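Peer 1: Sharing my_file.cif here; it has mmCIF, C-alpha atoms.
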data_query
#
loop_
_atom_site.label_atom_id
_atom_site.label_comp_id
_atom_site.auth_asym_id
_atom_site.auth_seq_id
_atom_site.Cartn_x
_atom_site.Cartn_y
_atom_site.Cartn_z
CA MET A 1 -15.40 -62.89 4.82
CA LYS A 2 -15.42 -59.99 2.34
CA LYS A 3 -19.10 -59.35 3.09
CA ILE A 4 -18.43 -59.12 6.84
CA ASN A 5 -15.57 -56.66 6.29
CA ALA A 6 -17.80 -54.47 4.13
CA LEU A 7 -20.48 -54.43 6.81
CA LEU A 8 -17.93 -53.51 9.45
CA PHE A 9 -16.68 -50.69 7.23
CA LEU A 10 -20.18 -49.25 6.81
CA ALA A 11 -20.82 -49.51 10.55
CA VAL A 12 -17.64 -47.60 11.33
CA LEU A 13 -18.36 -44.99 8.65
CA PHE A 14 -21.82 -44.13 9.94
CA ALA A 15 -20.62 -44.18 13.53
CA LEU A 16 -18.24 -41.28 12.85
CA PRO A 17 -19.12 -38.02 14.57
CA PRO A 18 -20.75 -35.41 12.29
CA ALA A 19 -17.66 -33.18 12.32
CA LEU A 20 -15.69 -35.86 10.47
CA ARG A 21 -18.18 -36.55 7.71
CA ALA A 22 -17.60 -34.59 4.51
CA GLN A 23 -21.29 -33.83 4.05
CA ASP A 24 -21.48 -32.25 7.53
CA SER A 25 -18.16 -30.36 7.52
CA VAL A 26 -16.86 -27.06 6.14
CA THR A 27 -13.26 -26.57 4.98
CA ILE A 28 -11.91 -23.04 5.35
CA THR A 29 -8.54 -21.62 4.35
CA PHE A 30 -7.39 -18.58 6.33
CA ALA A 31 -5.24 -16.04 4.50
CA VAL A 32 -4.45 -12.32 4.26
CA ASN A 33 -4.93 -10.24 1.12
CA ASP A 34 -1.29 -9.07 1.18
CA ALA A 35 1.21 -11.17 3.12
CA THR A 36 3.87 -8.44 2.88
CA ILE A 37 1.90 -6.15 5.22
CA GLY A 38 -0.16 -8.55 7.34
CA ALA A 39 -0.30 -11.97 8.96
CA ILE A 40 -3.06 -14.31 10.10
CA SER A 41 -3.44 -16.90 12.87
CA PRO A 42 -4.24 -19.69 12.48
CA ALA A 43 -3.06 -19.82 8.88
CA GLY A 44 -3.68 -22.55 6.34
CA THR A 45 -6.64 -24.88 5.76
CA HIS A 46 -8.86 -26.21 8.55
CA THR A 47 -11.97 -28.38 8.67
CA PHE A 48 -14.88 -27.61 11.03
CA ALA A 49 -18.19 -29.22 11.78
CA GLU A 50 -20.94 -27.29 10.04
CA GLY A 51 -22.24 -24.62 12.43
CA ALA A 52 -19.23 -24.83 14.73
CA GLU A 53 -17.83 -21.53 16.01
CA TYR A 54 -14.28 -20.56 15.08
CA SER A 55 -12.01 -17.55 15.63
CA VAL A 56 -9.20 -16.22 13.46
CA SER A 57 -7.03 -13.15 14.09
CA ALA A 58 -5.00 -10.85 11.85
CA THR A 59 -2.22 -8.35 12.49
CA ALA A 60 -0.68 -5.64 10.33
CA VAL A 61 2.79 -4.11 10.14
CA PRO A 62 3.23 -0.50 11.35
CA GLY A 63 1.46 1.94 9.05
CA TYR A 64 -1.21 -0.58 8.05
CA ARG A 65 -4.45 -1.77 9.58
CA VAL A 66 -6.89 -4.70 9.46
CA MET A 67 -9.98 -3.21 7.80
CA GLY A 68 -12.29 -6.22 7.51
CA TRP A 69 -12.86 -9.74 6.21
CA VAL A 70 -14.19 -11.36 3.05
CA ILE A 71 -15.11 -14.86 1.91
CA LYS A 72 -13.61 -15.86 -1.44
CA LEU A 73 -15.65 -18.50 -3.26
CA ASP A 74 -14.80 -20.76 -6.18
CA CYS A 75 -17.04 -19.43 -8.94
CA ASP A 76 -17.13 -19.46 -12.72
CA GLU A 77 -17.13 -15.67 -12.69
CA GLU A 78 -13.87 -13.74 -12.35
CA ASN A 79 -14.97 -12.26 -9.03
CA CYS A 80 -16.88 -14.01 -6.32
CA THR A 81 -16.38 -12.54 -2.86
CA VAL A 82 -18.72 -11.99 0.08
CA PRO A 83 -17.72 -9.08 2.37
CA LEU A 84 -18.28 -9.75 6.09
CA ASP A 85 -19.77 -6.93 8.14
CA THR A 86 -16.91 -6.44 10.59
CA ALA A 87 -13.79 -4.31 10.92
CA THR A 88 -12.31 -6.15 13.90
CA THR A 89 -8.87 -7.76 14.00
CA THR A 90 -10.42 -11.02 15.24
CA LEU A 91 -13.22 -12.69 13.33
CA THR A 92 -15.46 -14.98 15.40
CA THR A 93 -18.24 -16.66 13.47
CA THR A 94 -19.63 -20.06 12.50
CA ALA A 95 -18.49 -22.44 9.80
CA ASP A 96 -21.45 -22.26 7.42
CA VAL A 97 -22.12 -23.42 3.88
CA VAL A 98 -21.89 -20.28 1.70
CA GLN A 99 -23.75 -20.23 -1.61
CA GLY A 100 -23.75 -24.02 -1.60
CA GLN A 101 -19.98 -24.30 -1.10
CA ARG A 102 -18.39 -26.22 1.76
CA SER A 103 -14.86 -25.13 0.88
CA TYR A 104 -13.72 -21.51 0.59
CA THR A 105 -11.13 -18.97 1.74
CA VAL A 106 -11.57 -16.33 4.43
CA TYR A 107 -9.30 -13.33 3.80
CA ALA A 108 -8.27 -10.70 6.31
CA ILE A 109 -8.19 -7.39 4.45
CA VAL A 110 -5.22 -5.20 5.37
CA THR A 111 -4.55 -1.76 3.92
CA THR A 112 -3.12 1.62 4.87
CA ALA A 113 -3.80 3.05 8.32
CA ALA A 114 -3.44 6.61 6.97
CA VAL A 115 -7.20 7.29 6.91
CA TYR A 116 -8.87 10.62 7.68
CA PRO A 117 -12.61 11.12 8.36
CA ASP A 118 -12.83 14.32 6.30
CA SER A 119 -11.23 12.96 3.13
CA LEU A 120 -11.18 10.03 0.75
CA THR A 121 -7.99 7.99 1.00
CA LEU A 122 -6.99 6.84 -2.47
CA VAL A 123 -4.39 4.05 -2.66
CA ILE A 124 -2.92 3.50 -6.12
CA GLY A 125 -0.96 0.32 -6.86
CA ILE A 126 0.38 -1.98 -9.59
CA ASN A 127 0.43 -5.78 -9.36
CA ASP A 128 3.59 -6.18 -11.47
CA PRO A 129 6.12 -3.32 -11.57
CA GLN A 130 7.32 -4.54 -14.97
CA GLY A 131 3.83 -4.59 -16.40
CA GLY A 132 3.09 -0.90 -16.78
CA TYR A 133 2.24 2.34 -15.02
CA ILE A 134 -0.69 4.51 -13.96
CA ASP A 135 -1.00 8.03 -15.37
CA PRO A 136 -0.98 10.66 -13.88
CA TYR A 137 -0.55 9.04 -10.44
CA GLU A 138 2.55 7.38 -9.06
CA PRO A 139 1.79 4.34 -6.88
CA GLY A 140 1.15 5.66 -3.40
CA ILE A 141 -1.41 7.13 -1.02
CA TYR A 142 -3.43 10.27 -1.71
CA HIS A 143 -6.04 12.15 0.35
CA LEU A 144 -8.80 13.99 -1.50
CA GLY A 145 -11.31 16.35 0.07
CA LEU A 146 -15.01 16.84 -0.59
CA GLY A 147 -15.65 18.00 -4.16
CA GLN A 148 -12.20 17.07 -5.47
CA SER A 149 -12.07 14.87 -8.56
CA PHE A 150 -9.65 12.24 -9.81
CA VAL A 151 -9.11 10.48 -13.10
CA PHE A 152 -6.35 8.09 -14.13
CA HIS A 153 -5.61 5.33 -16.60
CA ALA A 154 -3.40 2.25 -16.73
CA GLU A 155 -0.86 1.90 -19.50
CA PRO A 156 0.98 -1.41 -20.14
CA ASN A 157 4.68 -1.64 -20.93
CA PRO A 158 5.89 -3.47 -24.05
CA GLY A 159 5.27 -7.21 -23.70
CA TYR A 160 2.32 -6.80 -21.31
CA GLU A 161 -1.40 -6.19 -21.44
CA PHE A 162 -3.81 -4.51 -19.05
CA VAL A 163 -6.37 -7.05 -17.71
CA GLY A 164 -8.39 -5.06 -15.18
CA TRP A 165 -8.39 -3.35 -11.79
CA GLY A 166 -8.05 -4.90 -8.37
CA ILE A 167 -10.64 -3.13 -6.21
CA LEU A 168 -10.65 -2.74 -2.44
CA ASN A 169 -13.11 -0.31 -0.85
CA VAL A 170 -13.14 -0.26 2.95
CA HIS A 171 -14.14 1.90 5.90
CA PRO A 172 -12.20 1.65 9.19
CA SER A 173 -15.43 1.49 11.21
CA TYR A 174 -17.64 -0.65 8.96
CA GLY A 175 -15.27 -3.06 7.22
CA VAL A 176 -15.17 -4.11 3.58
CA TYR A 177 -17.53 -2.55 1.05
CA GLN A 178 -16.06 -4.14 -2.08
CA TYR A 179 -13.21 -6.53 -2.80
CA GLU A 180 -12.52 -7.99 -6.25
CA ASP A 181 -9.54 -9.57 -7.97
CA ALA A 182 -10.42 -7.90 -11.26
CA TYR A 183 -13.01 -5.28 -12.06
CA VAL A 184 -13.79 -4.27 -15.66
CA ASP A 185 -11.14 -4.18 -18.35
CA ILE A 186 -11.38 -0.45 -19.06
CA SER A 187 -8.03 1.17 -18.41
CA TYR A 188 -9.53 4.64 -17.79
CA VAL A 189 -11.15 5.45 -14.43
CA GLY A 190 -13.02 8.68 -13.78
CA PRO A 191 -13.67 11.43 -13.55
CA VAL A 192 -14.86 10.64 -10.02
CA THR A 193 -15.86 13.46 -7.66
CA VAL A 194 -15.53 12.89 -3.91
CA SER A 195 -18.97 12.96 -2.29
CA ASN A 196 -20.07 12.95 1.36
CA ASP A 197 -20.54 9.18 1.45
CA MET A 198 -16.92 8.68 0.34
CA LEU A 199 -15.40 10.63 3.23
CA GLY A 200 -13.49 8.45 5.68
CA MET A 201 -13.26 5.59 3.18
CA VAL A 202 -10.27 3.96 1.50
CA PHE A 203 -10.47 3.29 -2.24
CA GLN A 204 -7.61 1.02 -3.31
CA MET A 205 -7.15 0.66 -7.07
CA THR A 206 -4.51 -1.78 -8.29
CA ALA A 207 -3.75 -1.93 -12.02
CA LEU A 208 -3.44 -5.58 -13.07
CA PHE A 209 -1.01 -6.38 -15.89
CA ALA A 210 -0.18 -9.75 -17.45
CA PRO A 211 2.62 -10.73 -19.85
CA LEU A 212 1.65 -11.26 -23.47
CA GLU A 213 2.18 -14.74 -24.90
CA GLY A 214 5.14 -15.22 -27.18
CA VAL A 215 7.23 -12.40 -25.71
CA ASP A 216 10.77 -13.44 -24.84
CA GLU A 217 11.74 -12.81 -21.22
CA ALA A 218 14.97 -11.26 -22.45
CA GLU A 219 12.94 -8.45 -24.02
CA LYS A 220 11.58 -7.43 -20.59
CA VAL A 221 13.61 -5.11 -18.39
CA ASP A 222 13.66 -5.68 -14.63
CA PHE A 223 15.44 -4.49 -11.51
CA ASN A 224 15.79 -5.90 -8.01
CA ALA A 225 14.89 -3.98 -4.84
CA TYR A 226 15.32 -5.56 -1.41
CA CYS A 227 16.22 -4.94 2.25
CA SER A 228 19.72 -5.59 3.57
CA ASP A 229 20.99 -4.53 7.02
CA GLY A 230 18.02 -2.20 7.47
CA ARG A 231 18.64 -0.37 4.17
CA ILE A 232 16.95 -0.52 0.77
CA CYS A 233 19.25 -1.97 -1.86
CA LEU A 234 18.72 -1.60 -5.60
CA LYS A 235 20.30 -3.59 -8.43
CA GLY A 236 19.89 -3.32 -12.18
CA ALA A 237 18.90 0.36 -12.38
CA GLU A 238 22.23 1.91 -13.35
CA GLY A 239 21.86 5.24 -15.15
CA ARG A 240 18.11 5.52 -14.47
CA GLU A 241 16.18 8.01 -12.36
CA VAL A 242 15.21 6.52 -8.96
CA SER A 243 12.44 7.74 -6.63
CA LEU A 244 11.84 6.45 -3.10
CA TYR A 245 8.48 6.90 -1.29
CA ASP A 246 7.20 6.06 2.19
CA ILE A 247 3.76 4.49 2.86
CA TYR A 248 2.15 7.95 2.91
CA GLY A 249 3.27 8.70 -0.63
CA ARG A 250 5.92 11.20 0.50
CA MET A 251 9.05 11.28 -1.64
CA LEU A 252 12.17 10.57 0.44
CA TYR A 253 14.72 10.52 -2.36
CA GLN A 254 15.05 11.24 -6.06
CA GLY A 255 18.21 10.93 -8.11
CA ARG A 256 20.06 8.91 -10.70
CA ALA A 257 21.51 5.47 -9.92
CA THR A 258 25.21 5.74 -10.66
CA GLY A 259 26.31 2.16 -9.96
CA THR A 260 25.10 -1.38 -10.55
CA GLU A 261 24.15 -1.63 -6.86
CA MET A 262 22.87 1.28 -4.76
CA GLY A 263 21.90 1.55 -1.09
CA TYR A 264 19.41 3.93 0.52
CA SER A 265 18.88 4.61 4.22
CA VAL A 266 15.31 5.05 5.54
CA PRO A 267 14.21 6.52 8.90
CA VAL A 268 12.11 3.64 10.28
CA GLN A 269 11.18 0.08 9.44
CA GLY A 270 8.09 -0.47 7.31
CA VAL A 271 7.01 -0.68 3.68
CA TYR A 272 8.55 1.64 1.07
CA LEU A 273 8.08 2.03 -2.67
CA VAL A 274 11.01 2.20 -5.09
CA ARG A 275 10.30 3.56 -8.58
CA VAL A 276 12.80 3.33 -11.44
CA ALA A 277 11.98 5.46 -14.47
CA GLY A 278 11.07 3.34 -17.48
CA MET A 279 11.14 0.11 -15.47
CA GLY A 280 8.35 0.32 -12.91
CA SER A 281 7.88 0.26 -9.13
CA LYS A 282 8.43 -2.29 -6.37
CA PRO A 283 7.50 -2.35 -2.67
CA VAL A 284 10.24 -3.16 -0.15
CA MET A 285 9.69 -4.23 3.46
CA VAL A 286 12.45 -2.81 5.69
CA VAL A 287 13.00 -4.73 8.93
CA ARG A 288 15.57 -3.91 11.60
#
Could you express the structure from this file as structure tokens?
Peer 2:
Amino acid sequence: MKKINALLFLAVLFALPPALRAQDSVTITFAVNDATIGAISPAGTHTFAEGAEYSVSATAVPGYRVMGWVIKLDCDEENCTVPLDTATTTLTTTADVVQGQRSYTVYAIVTTAAVYPDSLTLVIGINDPQGGYIDPYEPGIYHLGLGQSFVFHAEPNPGYEFVGWGILNVHPSYGVYQYEDAYVDISYVGPVTVSNDMLGMVFQMTALFAPLEGVDEAEKVDFNAYCSDGRICLKGAEGREVSLYDIYGRMLYQGRATGTEMGYSVPVQGVYLVRVAGMGSKPVMVVR
């Protein structure tokens, strides 16, 4: 009886359509590089027959734009991404095996929409506002013309270490040029001079900081920035200098926090950056 059941099992297994067999399927997770400024549909993990066509779409909040798509592979190296040659909001392609892998993530790459064809758009960011700062740039968006140069370095706060740069280089017409979770561990970048082939591009450099082992959480200073009733609220910054920036890097407010909880009005909904001197910076999404 056991032998008959085993034969029936094998017959059912090999009668399955190719899309349901692991060796003939591809599993893809759809995601966005920054969920605070973009969304993707369908989201999550899906399984397709190898070679089957699929479509996935991405949207961005006001002030941001879908710039392209990348495939993120599971590799031994720190960085293993394959940029896709498209800058469309909807990706339509086939579920293929990539570098021998049948399971990977497809990311929609969203970044600032403030791009100008006659300048390089430089987006400076920090992965953890407590971790450190970038000198001489504040986190924000900068536009540099032909022949201008930039140089900056990442400096960790006490209890943290600098581990590398997150790199995102895109062009609004051609998609993603480079996308990496971490790129070199040298804190200094530059000097870099803007050349003709950089014009119209977006260079996004995010300083990546990580907490050092053995450092007590009580030794780290933090503040809380969030949206409430369409305003930006700030807690834990009493007595410190506060700066508020919009997505274009323009300063909207600068002053000293006088109470344990402060509120700041902003003109429109969108993403803003709150910087507290000596503590770091945090993005806040304002929704009305």
Peer 1: What is the atom CA of A:Met262-atom CA of A:Pro283 distance in Å, reported with one decimal?
Peer 2: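 These two atoms are separated by 15.9 Å.
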Peer 1: Wanna dump the stretch 205-281 of chain A-stretch 170-190 of chain A contacts at 10 Å for me, each residue with its shortest atom pair and the distance in Å to one decimal, counting only C-alpha atoms, ordered by chain and number, as a Markdown table?
Peer 2:
| residue | atom | partner | partner_atom | distance |
| --- | --- | --- | --- | --- |
| A:Met205 | CA | A:Val189 | CA | 9.6 |
| A:Thr206 | CA | A:Ala182 | CA | 9.0 |
| A:Ala207 | CA | A:Ser187 | CA | 8.3 |
| A:Leu208 | CA | A:Ala182 | CA | 7.6 |
Peer 1: May I have the residues from that selection written out with C-alpha atoms, as a PDB file, in the frame of the given file?
Peer 2:
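The resulting file, part_27.pdb, is reproduced below:
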ATOM      1  CA  MET A 205      -7.150   0.660  -7.070  1.00  0.00           C
ATOM      2  CA  THR A 206      -4.510  -1.780  -8.290  1.00  0.00           C
ATOM      3  CA  ALA A 207      -3.750  -1.930 -12.020  1.00  0.00           C
ATOM      4  CA  LEU A 208      -3.440  -5.580 -13.070  1.00  0.00           C
TER       5      LEU A 208
END
Peer 1: Quote the spacing between atom CA of A:Glu213 and atom CA of A:Ser281 in Å to one decimal place.
Peer 2: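 Atom CA of A:Ser281 lies 22.5 Å from atom CA of A:Glu213.
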Peer 1: What residues come out when you apply the PyMOL selection byres ((chain A and resi 106) around 8) to this file, written as an MDAnalysis selection string?
Peer 2: chainID A and resid 28:31 69:72 104:105 107:108
Peer 1: Would you put the residues from that selection into a file with C-alpha atoms, as a tab-separated table (two decimals), keeping the file's coordinate frame?
Peer 2:
chain	number	residue	atom	x	y	z
A	28	ILE	CA	-11.91	-23.04	5.35
A	29	THR	CA	-8.54	-21.62	4.35
A	30	PHE	CA	-7.39	-18.58	6.33
A	31	ALA	CA	-5.24	-16.04	4.50
A	69	TRP	CA	-12.86	-9.74	6.21
A	70	VAL	CA	-14.19	-11.36	3.05
A	71	ILE	CA	-15.11	-14.86	1.91
A	72	LYS	CA	-13.61	-15.86	-1.44
A	104	TYR	CA	-13.72	-21.51	0.59
A	105	THR	CA	-11.13	-18.97	1.74
A	107	TYR	CA	-9.30	-13.33	3.80
A	108	ALA	CA	-8.27	-10.70	6.31
Peer 1: Care to translate the PyMOL selection byres ((chain A and resi 229) around 9) into actual residues of this file, as a ChimeraX atom specification?
Peer 2: /A:227-228,230-232,286-288
Peer 1: For the PyMOL selection byres ((chain A and resi 154) around 6), applied here, can you spell out every residue it catches as a ChimeraX atom specification?
Peer 2: /A:133-134,153,155,187
Peer 1: So how many Å separate atom CA of A:Ala257 and atom CA of A:Thr36, to one decimal?
Peer 2: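 According to the coordinates, atom CA of A:Ala257 and atom CA of A:Thr36 are separated by 25.9 Å.
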Peer 1: Considering all atoms listed in the file, can you say which of A:Tyr248, A:Tyr264, A:Phe152, A:Tyr116 comes closest to A:Tyr64?
Peer 2: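 With all atoms listed in the file as the atom set, the closest residue is A:Tyr248.
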Peer 1: Just the residues within 8 Å of stretch 236-246 of chain A, please, counting only C-alpha atoms, with nothing from its chain fewer than 4 positions along; format it as a list in words.
Peer 2: Gly140, Asp222, Phe223, Asn224, Arg250, Met251, Leu252, Tyr253, Gln254, Gly255, Arg256, Ala257, Thr258, Gly259, Thr260, Glu261, Val271, Tyr272, Leu273, Val274, Arg275, Val276, Ala277 and Gly278 of chain A
Peer 1: List the residues sitting within 9 Å of (3.4, -8.6, 1.7) in the file's frame, using only C-alpha atoms, as a count of residues only.
Peer 2: 11
Peer 1: Which of these, A:Ile167, A:Ala225, A:Leu144, A:Ala210, has the shortest distance to A:Val194 once you count all atoms listed in the file?
Peer 2: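 Among A:Ile167, A:Ala225, A:Leu144, A:Ala210, it is A:Leu144 that comes nearest to A:Val194.
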Peer 1: List as a PyMOL selection string the protein and nucleic acid residues near A:Val123, meaning an atom at most 12 Å away when all atoms listed in the file are counted, but skip any in the same chain fewer than 2 places from it.
Peer 2: chain A and resi 111-115+120-121+125-126+134+137-144+166-170+201-207+247-249
Peer 1: Just stretch 151-170 of chain A from the block, N, CA, C and O atoms, as an mmCIF file, in the first residue's frame, could you?
Peer 2:
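Printed below is selection37.cif as written:
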data_model
loop_
_atom_site.group_PDB
_atom_site.id
_atom_site.type_symbol
_atom_site.label_atom_id
_atom_site.label_comp_id
_atom_site.auth_asym_id
_atom_site.auth_seq_id
_atom_site.Cartn_x
_atom_site.Cartn_y
_atom_site.Cartn_z
ATOM 1 N N VAL A 151 33.603 68.488 -1.962
ATOM 2 C CA VAL A 151 34.340 67.558 -1.122
ATOM 3 C C VAL A 151 33.650 67.543 0.237
ATOM 4 O O VAL A 151 33.213 68.570 0.725
ATOM 5 N N PHE A 152 33.501 66.360 0.831
ATOM 6 C CA PHE A 152 32.900 66.277 2.149
ATOM 7 C C PHE A 152 33.368 64.999 2.832
ATOM 8 O O PHE A 152 33.903 64.088 2.187
ATOM 9 N N HIS A 153 33.188 64.941 4.131
ATOM 10 C CA HIS A 153 33.542 63.717 4.846
ATOM 11 C C HIS A 153 32.525 63.433 5.943
ATOM 12 O O HIS A 153 31.838 64.335 6.428
ATOM 13 N N ALA A 154 32.421 62.154 6.285
ATOM 14 C CA ALA A 154 31.472 61.704 7.302
ATOM 15 C C ALA A 154 32.194 61.554 8.635
ATOM 16 O O ALA A 154 33.297 60.999 8.694
ATOM 17 N N GLU A 155 31.569 62.045 9.669
ATOM 18 C CA GLU A 155 32.173 62.000 11.003
ATOM 19 C C GLU A 155 31.188 61.355 11.978
ATOM 20 O O GLU A 155 30.077 61.846 12.156
ATOM 21 N N PRO A 156 31.552 60.233 12.622
ATOM 22 C CA PRO A 156 30.623 59.580 13.549
ATOM 23 C C PRO A 156 30.519 60.303 14.886
ATOM 24 O O PRO A 156 31.480 60.943 15.330
ATOM 25 N N ASN A 157 29.364 60.188 15.520
ATOM 26 C CA ASN A 157 29.192 60.672 16.881
ATOM 27 C C ASN A 157 29.734 59.636 17.871
ATOM 28 O O ASN A 157 29.956 58.480 17.499
ATOM 29 N N PRO A 158 29.941 60.041 19.128
ATOM 30 C CA PRO A 158 30.390 59.064 20.131
ATOM 31 C C PRO A 158 29.454 57.861 20.203
ATOM 32 O O PRO A 158 28.231 58.010 20.201
ATOM 33 N N GLY A 159 30.027 56.665 20.237
ATOM 34 C CA GLY A 159 29.246 55.443 20.307
ATOM 35 C C GLY A 159 28.904 54.848 18.965
ATOM 36 O O GLY A 159 28.236 53.817 18.899
ATOM 37 N N TYR A 160 29.374 55.481 17.864
ATOM 38 C CA TYR A 160 29.079 55.002 16.515
ATOM 39 C C TYR A 160 30.361 54.918 15.693
ATOM 40 O O TYR A 160 31.387 55.510 16.044
ATOM 41 N N GLU A 161 30.267 54.204 14.600
ATOM 42 C CA GLU A 161 31.364 54.142 13.643
ATOM 43 C C GLU A 161 30.824 54.347 12.234
ATOM 44 O O GLU A 161 29.662 54.038 11.950
ATOM 45 N N PHE A 162 31.679 54.891 11.364
ATOM 46 C CA PHE A 162 31.320 55.060 9.968
ATOM 47 C C PHE A 162 31.620 53.757 9.232
ATOM 48 O O PHE A 162 32.718 53.208 9.341
ATOM 49 N N VAL A 163 30.647 53.237 8.454
ATOM 50 C CA VAL A 163 30.821 51.932 7.796
ATOM 51 C C VAL A 163 30.812 52.023 6.274
ATOM 52 O O VAL A 163 31.043 51.030 5.599
ATOM 53 N N GLY A 164 30.539 53.200 5.719
ATOM 54 C CA GLY A 164 30.562 53.310 4.260
ATOM 55 C C GLY A 164 29.544 54.316 3.760
ATOM 56 O O GLY A 164 28.878 55.007 4.543
ATOM 57 N N TRP A 165 29.417 54.392 2.430
ATOM 58 C CA TRP A 165 28.465 55.288 1.790
ATOM 59 C C TRP A 165 27.400 54.493 1.057
ATOM 60 O O TRP A 165 27.703 53.512 0.388
ATOM 61 N N GLY A 166 26.159 54.909 1.184
ATOM 62 C CA GLY A 166 25.108 54.406 0.315
ATOM 63 C C GLY A 166 25.132 55.248 -0.949
ATOM 64 O O GLY A 166 25.100 56.476 -0.878
ATOM 65 N N ILE A 167 25.204 54.614 -2.107
ATOM 66 C CA ILE A 167 25.376 55.324 -3.374
ATOM 67 C C ILE A 167 24.146 55.124 -4.249
ATOM 68 O O ILE A 167 23.676 54.005 -4.429
ATOM 69 N N LEU A 168 23.635 56.210 -4.793
ATOM 70 C CA LEU A 168 22.559 56.134 -5.773
ATOM 71 C C LEU A 168 22.830 57.187 -6.836
ATOM 72 O O LEU A 168 22.764 58.386 -6.562
ATOM 73 N N ASN A 169 23.186 56.740 -8.044
ATOM 74 C CA ASN A 169 23.414 57.635 -9.171
ATOM 75 C C ASN A 169 22.369 57.337 -10.241
ATOM 76 O O ASN A 169 22.301 56.213 -10.742
ATOM 77 N N VAL A 170 21.553 58.339 -10.575
ATOM 78 C CA VAL A 170 20.471 58.129 -11.532
ATOM 79 C C VAL A 170 20.389 59.298 -12.502
ATOM 80 O O VAL A 170 20.914 60.394 -12.251
#
